[in-house]
There are 2 protein chains.
Amino acid sequence: MTGSPDLAPLRAAFGTRLVTEGPQLDARARDASIVTRPAAALLFAQSTADVATALRLADEMRLPIVPRGSGTSVTGSAVPPEGGGLVLDLSRMQRILEVDPDDLVAVVEPGVLTADLRRAAAAQRLFYPPDPASLETSSIGGNLATNAGGASGLKYGTTRDYVSALEVVVPGGAVLRTGARTVKNATGYALAQLFVGSEGTLGVITAATLRLLPLPTAERTVLAGFDAVEAAAAFVGRVLAAGLLPASLELMDRRAVEAASRIVPGALMGDAAPSAQDGDEAIVLCRLDGTELGATEAQEAVADMARTSGARLVHLPHDRAEEDRMWAARRAVTPALEQASPARLGEDVVVPRSRIVAMVGRIREIARQRRLTIVIFGHVGDGNLHPSILFDPVDRDQVSRMRAAASDLFTAALELGGLPSGEHGIGELKKDFLPLAVDPVALELMRSLKTLLDPHGILNPGKLFPDGRSPIQPQRR
Amino acid sequence: MTGSPDLAPLRAAFGTRLVTEGPQLDARARDASIVTRPAAALLFAQSTADVATALRLADEMRLPIVPRGSGTSVTGSAVPPEGGGLVLDLSRMQRILEVDPDDLVAVVEPGVLTADLRRAAAAQRLFYPPDPASLETSSIGGNLATNAGGASGLKYGTTRDYVSALEVVVPGGAVLRTGARTVKNATGYALAQLFVGSEGTLGVITAATLRLLPLPTAERTVLAGFDAVEAAAAFVGRVLAAGLLPASLELMDRRAVEAASRIVPGALMGDAAPSAQDGDEAIVLCRLDGTELGATEAQEAVADMARTSGARLVHLPHDRAEEDRMWAARRAVTPALEQASPARLGEDVVVPRSRIVAMVGRIREIARQRRLTIVIFGHVGDGNLHPSILFDPVDRDQVSRMRAAASDLFTAALELGGLPSGEHGIGELKKDFLPLAVDPVALELMRSLKTLLDPHGILNPGKLFPDGRSPIQPQRR
């Protein structure tokens with residue numbers, strides 16, 4: 001696209017609500033990734049009708065649209081397309097329309113923050129399990145668009161597993177409703193599932209009916225510290241082999257613990273003396289939920305297994321306040337790293353569970369080879385690791401090595417039978433890795449689905465599909 | 001189609017393996033529904049290559065194909081299409097390729113029986129949760145094709161939630177592989193989910209990588225008998241409100257208990273004296289799983305809630321053998337009804353949880369109006385009821401009333417905010433109800449997806465999509 005697009009039809013429809021300059025527009029040139037690009041215009045959608053009008057006009061105008069929630073994407077998927085285009089901001093559609101304890105569902109608009117939904121559910125002793133670490137700032141629309149997961153993936157699955165019904169506006173402006181307020185549905189194709197994880201490239205979700213569970217009455221936590229990640233992984237394997245299914249099983253390396261401890265001091269026993277092999281240590285944070293007796297029984301069993309698995313540290317929180325601080329510390333890793341380093345690339349590789357130790361080894365090797373600090377933490381129960389590459393964005397050599405290291409990470413995950421994204425999505429950063437992660441028949445079908453739903457390519461162009469222009473490029477073979 | 005199709009290309013490819021007459025072919029004129037229709041030919045696929053060849057040739061020949069597993073479909077989805085066509089029988093692709101306790105996955109061919117997978121997993125202390133009542137006879141391919149559920153839907157979800165990766169042959173013969181051996185996946189569109197629940201109309205699943213969980217170490221059961229279904233439903237509501245999440249919550253009316261008791265005598269306390277309002281009684285069978293202490297604690301809490309919810313009978317099994325008999329009796333309801341009645345239409349409506357009592361009331365009203373016996377049982381935890389209409393297929397008036405009653409059932413479910421199928425699928429029986437269950441935009445998208453993947457309409461034509469020819473017709477308004 002050359003020059004600025006002609007926005008007259010949007011101006012006619014939305015009047016002064018269409019923002020074409022100023023700090024609100026400028027702020028939407030970036031998400032939480034390393035990608036930035038200016039938008040031509042911004043519209044805060046207030047209703048499904050707004051979204052339908054925008055998608056109808058944009059389709060006629062061939063104007064690219066990027067749907068956006070709270071902008072916490074770390075892959076560039078919420079960044080404006082080349083040539084500008086319209087940012088369709090859904091953050092003001094933030095009503096929790098219903099929390100129904102009889103049907104065990106919530107009905108929400110896309111701008112609702114994940115933590116707000118979880119709190120509204122908990123107020124009625126209900127439970128919305130998906131818990132991305134960004135839950136206080138990320139919105140449900142984005143969670144749906146990326147099939148967000150979190151720490152509870154092994155036991156409770158991901159966002160996809162909680163979708164009963166969706167309202168979606170598709171290019172051209174038609175409103176599609178699929179699903180019902182039911183747990184089960186074998187009535188036609190799973191259209192809702194097609195939109196979940198599609199990263200704003202197929203439609204714009206304007207309402208979601210989400211499945212809730214009864215809120216577990218008890219939670220118990222075990223903190224176990226190990227001298228090496230191999231021992232930590234072996235411990236996790238023993239827990240699962242014993243028939244225990246923790247709600248969360250989190251791994252953090254020494255640097256992750258140290259970072260978190262700067263924001264929530266002492267919560268993770270971070271002051272314990274480091275072992276001889278500084279840097280190889282790992283802690284596992286394990287949360288058991290259920291009934292009082294059941295969770296306590298499981299906690300004791302897990303603590304025993306940690307002790308007999310060579311943990312150098314096993315700690316049970318004394319009360320709920322301490323337990324909450326431990327989990328707050330886990331969630332503080334990302335903001336702590338952002339404070340500690342000029343820039344950070346937070347990655348999201350996922351491998352089969354048995355390959356976690358191998359993946360950690362590969363990450364450490366990549367850090368050495370590329371002479372970069374890569375902090376390791378993630379969801380050891382489900383094989384989803386978040387290696388965080390620290391770098392200085394004004395140091396061109398560091399930026400170059402950061403990109404190479406990210407490429408190495410995705411390649412390593414693929415070589416170990418995994419995928420470049422477990423819960424963040426592909427976005428713009430990893431799009432050229434998609435052909436390495438899915439077979440050509442699958443990729444062709446994905447392209448056909450895109451063309452079917454969005455024939456003029458207005459929805460989030462330049463994202464998800466490979467075009468050889470991703471900031472991180474696969475290595476040549 | 002007029003006359004017999006020319007099968008020469010299939011004969012050239014498969015030789016004498018192509019069956020064109022005899023009892024094997026004849027047996028595949030029916031599934032477990034009321035629909036029957038003869039096939040022109042039958043092929044037992046032995047490999048993905050067989051399936052690819054068959055789909056390539058059929059696409060060229062414009063020959064309809066119906067994929068078939070063990071033929072337990074109750075909607076006609078496994079019955080041959082009009083004009084005959086090829087039955088592609090996958091029941092001999094029945095290898096369990098892997099059960100991996102480290103990755104927590106199983107890799108299976110489509111003909112594996114659900115119960116065999118569950119047993120192979122349990123032998124390694126792993127757990128495949130979906131448990132359709134037909135699990136001893138239904139195959140995984142069919143479970144995937146219908147998104148089968150079972151008694152554990154509320155706690156554990158349905159087949160869809162356990163799919164990590166699929167291998168699918170699409171019309172034309174291309175082989176598509178999507179997914180990985182991972183719990184999480186945010187790498188491109190959810191293609192696997194598109195095939196799950198598509199009832200053999202979009203592709204033929206030739207291998208599946210399924211997610212497993214650690215096997216819970218303890219199970220406990222509570223049987224509670226109530227004088228009225230309202231009291232039973234209120235009891236279930238109290239259990240969930242207390243933060244308990246049973247693995248199964250099954251409802252059975254008096255007739256279902258009596259039928260089951262003929263096959264597994266005494267297991268359900270079926271000999272207890274009926275109350276004054278004979279026919280209104282209901283029992284709830286509740287299974288709690290977890291750790292020893294946790295499951296026992298939950299069992300005691302549930303039993304207490306039953307007593308204070310007006311149960312006229314609360315029984316805890318004395319040992320594992322008695323517990324197993326109770327659940328065997330639950331699964332015996334369907335075969336018992338098939339023995340007791342010349343014919344049976346087993347239905348599968350699902351409603352929002354809060355509407356179960358209303359739905360049971362509607363079912364009883366329909367039985368009275370249509371002068372038919374309708375036995376009620378199902379999954380009270382997730383709103384999925386299986387009203388079974390008993391009838392005599394040689395009595396034309398009864399058949400006519402059976403069809404009207406089925407139509408009434410689907411209409412009632414839709415009026416209560418539910419769907420005509422929770423876990424059996426739409427098939428041929430309910431296809432004309434699909435436009436009442438999804439909106440026109442969604443239906444149009446489903447048709448477009450079908451055309452995209454199967455442009456010549458060779459895969460299971462006459463199923464799932466409305467054409468005004470379903471054996472059960474919506475009422476005219």
# chains A, B, ... in the order shown; residues from 1 in each chain; ligands from 1
$ closest_atom_pairs --of "range 231-288 of chain B" --to "range 317-320 of chain B" --cutoff "12 Å" --atoms "only C-alpha atoms" --output "CSV"
residue,atom,partner,partner_atom,distance
B:Gly266,CA,B:Pro317,CA,11.9
B:Ala267,CA,B:Pro317,CA,9.3
B:Leu268,CA,B:Pro317,CA,10.1
B:Met269,CA,B:Pro317,CA,10.8
B:Leu285,CA,B:Pro317,CA,11.1
B:Cys286,CA,B:Pro317,CA,11.5
B:Arg287,CA,B:Pro317,CA,11.1
$ residues_around --residues "range 356-373 of chain B" --least-positions-apart "6" --cutoff "8 Å" --atoms "only C-alpha atoms" --output "list in words"
Val229, Glu230, Ala233, Val380, Gly383, Pro387, Ile389, Leu390, Phe391, Gln398, Arg401, Met402, Ala404, Ala405, Asp408, Leu409, Ala412, Ala413 and Leu416 of chain B
$ write_last_selection --atoms "N, CA, C and O atoms" --output "PDB file, in the first residue's frame"
ATOM      1  N   VAL B 229     -37.672 -36.540  40.038  1.00  0.00           N
ATOM      2  CA  VAL B 229     -36.469 -36.077  39.359  1.00  0.00           C
ATOM      3  C   VAL B 229     -36.088 -34.670  39.810  1.00  0.00           C
ATOM      4  O   VAL B 229     -34.907 -34.320  39.814  1.00  0.00           O
ATOM      5  N   GLU B 230     -37.078 -33.881  40.241  1.00  0.00           N
ATOM      6  CA  GLU B 230     -36.763 -32.545  40.742  1.00  0.00           C
ATOM      7  C   GLU B 230     -35.816 -32.632  41.935  1.00  0.00           C
ATOM      8  O   GLU B 230     -34.856 -31.858  42.048  1.00  0.00           O
ATOM      9  N   ALA B 233     -32.328 -33.635  40.777  1.00  0.00           N
ATOM     10  CA  ALA B 233     -31.607 -32.523  40.150  1.00  0.00           C
ATOM     11  C   ALA B 233     -31.151 -31.517  41.200  1.00  0.00           C
ATOM     12  O   ALA B 233     -30.045 -30.963  41.115  1.00  0.00           O
ATOM     13  N   VAL B 380     -26.639 -36.378  34.007  1.00  0.00           N
ATOM     14  CA  VAL B 380     -27.293 -35.240  34.648  1.00  0.00           C
ATOM     15  C   VAL B 380     -26.276 -34.156  35.004  1.00  0.00           C
ATOM     16  O   VAL B 380     -26.627 -32.983  35.160  1.00  0.00           O
ATOM     17  N   GLY B 383     -26.132 -32.266  31.444  1.00  0.00           N
ATOM     18  CA  GLY B 383     -27.355 -31.891  30.734  1.00  0.00           C
ATOM     19  C   GLY B 383     -27.671 -32.742  29.516  1.00  0.00           C
ATOM     20  O   GLY B 383     -28.556 -32.412  28.731  1.00  0.00           O
ATOM     21  N   PRO B 387     -33.228 -40.036  26.156  1.00  0.00           N
ATOM     22  CA  PRO B 387     -34.562 -40.635  26.163  1.00  0.00           C
ATOM     23  C   PRO B 387     -34.637 -41.751  25.128  1.00  0.00           C
ATOM     24  O   PRO B 387     -34.240 -41.566  23.982  1.00  0.00           O
ATOM     25  N   ILE B 389     -37.026 -44.220  23.124  1.00  0.00           N
ATOM     26  CA  ILE B 389     -38.415 -44.480  22.726  1.00  0.00           C
ATOM     27  C   ILE B 389     -38.546 -45.949  22.341  1.00  0.00           C
ATOM     28  O   ILE B 389     -37.866 -46.410  21.419  1.00  0.00           O
ATOM     29  N   LEU B 390     -39.409 -46.686  23.042  1.00  0.00           N
ATOM     30  CA  LEU B 390     -39.628 -48.099  22.713  1.00  0.00           C
ATOM     31  C   LEU B 390     -40.803 -48.198  21.740  1.00  0.00           C
ATOM     32  O   LEU B 390     -41.820 -47.515  21.900  1.00  0.00           O
ATOM     33  N   PHE B 391     -40.644 -49.042  20.720  1.00  0.00           N
ATOM     34  CA  PHE B 391     -41.737 -49.180  19.750  1.00  0.00           C
ATOM     35  C   PHE B 391     -41.610 -50.514  19.012  1.00  0.00           C
ATOM     36  O   PHE B 391     -40.588 -51.208  19.111  1.00  0.00           O
ATOM     37  N   GLN B 398     -47.422 -47.124  15.445  1.00  0.00           N
ATOM     38  CA  GLN B 398     -46.397 -46.874  16.469  1.00  0.00           C
ATOM     39  C   GLN B 398     -45.161 -46.202  15.854  1.00  0.00           C
ATOM     40  O   GLN B 398     -44.573 -45.306  16.452  1.00  0.00           O
ATOM     41  N   ARG B 401     -45.913 -42.654  15.379  1.00  0.00           N
ATOM     42  CA  ARG B 401     -45.896 -41.911  16.642  1.00  0.00           C
ATOM     43  C   ARG B 401     -44.468 -41.784  17.189  1.00  0.00           C
ATOM     44  O   ARG B 401     -44.111 -40.775  17.792  1.00  0.00           O
ATOM     45  N   MET B 402     -43.645 -42.815  16.971  1.00  0.00           N
ATOM     46  CA  MET B 402     -42.239 -42.735  17.390  1.00  0.00           C
ATOM     47  C   MET B 402     -41.532 -41.572  16.694  1.00  0.00           C
ATOM     48  O   MET B 402     -40.820 -40.789  17.313  1.00  0.00           O
ATOM     49  N   ALA B 404     -42.894 -38.920  15.393  1.00  0.00           N
ATOM     50  CA  ALA B 404     -43.429 -37.650  15.894  1.00  0.00           C
ATOM     51  C   ALA B 404     -42.851 -37.331  17.265  1.00  0.00           C
ATOM     52  O   ALA B 404     -42.493 -36.180  17.558  1.00  0.00           O
ATOM     53  N   ALA B 405     -42.707 -38.373  18.098  1.00  0.00           N
ATOM     54  CA  ALA B 405     -42.168 -38.153  19.451  1.00  0.00           C
ATOM     55  C   ALA B 405     -40.702 -37.704  19.380  1.00  0.00           C
ATOM     56  O   ALA B 405     -40.272 -36.830  20.141  1.00  0.00           O
ATOM     57  N   ASP B 408     -40.673 -34.195  18.510  1.00  0.00           N
ATOM     58  CA  ASP B 408     -41.024 -33.428  19.709  1.00  0.00           C
ATOM     59  C   ASP B 408     -39.819 -33.266  20.640  1.00  0.00           C
ATOM     60  O   ASP B 408     -39.614 -32.205  21.233  1.00  0.00           O
ATOM     61  N   LEU B 409     -39.056 -34.342  20.792  1.00  0.00           N
ATOM     62  CA  LEU B 409     -37.887 -34.297  21.696  1.00  0.00           C
ATOM     63  C   LEU B 409     -36.868 -33.263  21.240  1.00  0.00           C
ATOM     64  O   LEU B 409     -36.358 -32.462  22.032  1.00  0.00           O
ATOM     65  N   ALA B 412     -38.199 -29.794  21.726  1.00  0.00           N
ATOM     66  CA  ALA B 412     -38.180 -29.393  23.138  1.00  0.00           C
ATOM     67  C   ALA B 412     -36.766 -28.993  23.570  1.00  0.00           C
ATOM     68  O   ALA B 412     -36.582 -27.976  24.248  1.00  0.00           O
ATOM     69  N   ALA B 413     -35.775 -29.783  23.164  1.00  0.00           N
ATOM     70  CA  ALA B 413     -34.390 -29.448  23.536  1.00  0.00           C
ATOM     71  C   ALA B 413     -34.008 -28.080  22.986  1.00  0.00           C
ATOM     72  O   ALA B 413     -33.413 -27.250  23.690  1.00  0.00           O
ATOM     73  N   LEU B 416     -35.557 -25.263  24.855  1.00  0.00           N
ATOM     74  CA  LEU B 416     -34.953 -25.054  26.176  1.00  0.00           C
ATOM     75  C   LEU B 416     -33.509 -24.556  26.070  1.00  0.00           C
ATOM     76  O   LEU B 416     -32.764 -24.555  27.040  1.00  0.00           O
TER      77      LEU B 416
END
$ residues_around --residues "range 121-123 of chain B" --least-positions-apart "3" --cutoff "10 Å" --atoms "only C-alpha atoms" --output "PyMOL selection string"
chain B and resi 98-101+104-106+115-118+126-128+212-216
$ write_last_selection --atoms "C-alpha atoms" --output "mmCIF file, in the first residue's frame"
data_model
loop_
_atom_site.group_PDB
_atom_site.id
_atom_site.type_symbol
_atom_site.label_atom_id
_atom_site.label_comp_id
_atom_site.auth_asym_id
_atom_site.auth_seq_id
_atom_site.Cartn_x
_atom_site.Cartn_y
_atom_site.Cartn_z
ATOM 1 C CA GLU B 98 1.946 -46.549 21.385
ATOM 2 C CA VAL B 99 1.044 -45.830 24.974
ATOM 3 C CA ASP B 100 3.730 -43.500 26.262
ATOM 4 C CA PRO B 101 3.763 -42.770 30.004
ATOM 5 C CA LEU B 104 1.251 -38.984 28.349
ATOM 6 C CA VAL B 105 -0.084 -39.865 24.901
ATOM 7 C CA ALA B 106 -1.448 -42.857 23.041
ATOM 8 C CA ALA B 115 -12.365 -49.866 26.055
ATOM 9 C CA ASP B 116 -9.212 -51.499 24.663
ATOM 10 C CA LEU B 117 -7.485 -48.122 24.642
ATOM 11 C CA ARG B 118 -8.641 -47.453 28.197
ATOM 12 C CA LEU B 126 -2.716 -43.917 32.609
ATOM 13 C CA PHE B 127 -6.237 -42.733 31.927
ATOM 14 C CA TYR B 128 -8.155 -42.007 28.737
ATOM 15 C CA LEU B 212 -3.744 -39.276 28.509
ATOM 16 C CA LEU B 213 -3.853 -38.353 32.194
ATOM 17 C CA PRO B 214 -2.396 -40.093 35.233
ATOM 18 C CA LEU B 215 -4.844 -42.776 36.399
ATOM 19 C CA PRO B 216 -6.591 -41.604 39.567
#
$ interface_residues --of "chain B" --to "chain A" --cutoff "6 Å" --atoms "only C-alpha atoms" --output "PyMOL selection string"
chain B and resi 102-103+176+178+181-187+189-190+194+198+214-217+240+243+293-294+352-354+382+421-423+425-426+438+441-442
$ select_by_dssp --residues "range 132-288 of chain B" --states "strand (DSSP E or B)" --output "MDAnalysis selection string"
chainID B and resid 139 150 163:169 175:179 204:211 213:214 218:226 248:253 282:288
$ atom_distance --atom1 "CA of Pro466 in chain B" --atom2 "CA of Ala165 in chain A"
21.5 Å
$ closest_atom_pairs --of "range 90-200 of chain A" --to "range 28-39 of chain A" --cutoff "12 Å" --atoms "only C-alpha atoms" --output "tab-separated table"
residue	atom	partner	partner_atom	distance
A:Ser134	CA	A:Ala32	CA	10.9
A:Thr137	CA	A:Ala32	CA	11.2
A:Ser138	CA	A:Ala32	CA	10.7
A:Gly142	CA	A:Asp31	CA	11.8
$ atom_distance --atom1 "CA of Pro9 in chain B" --atom2 "CA of Met61 in chain B"
8.1 Å
$ residues_around --residues "Asp280 in chain B" --least-positions-apart "3" --cutoff "8 Å" --atoms "only C-alpha atoms" --output "list in words"
Asp227, Ala228, Val229, Asp253, Arg254 and Gln277 of chain B
$ atom_distance --atom1 "CA of Val169 in chain B" --atom2 "CA of Glu82 in chain B"
22.8 Å
$ closest_residue --among "B:Val264, B:Val51, B:Ala336, B:Leu7" --to "Asp324 in chain B" --atoms "only C-alpha atoms"
B:Val264
$ select_by_dssp --residues "range 52-152 of chain A" --states "alpha helix (DSSP H)" --output "ChimeraX atom specification"
/A:52-61,114-122,140-146
$ closest_residue --among "B:Val163, B:Ala301, B:Ala321, B:Val375" --to "Ala282 in chain B" --atoms "only C-alpha atoms"
B:Val375
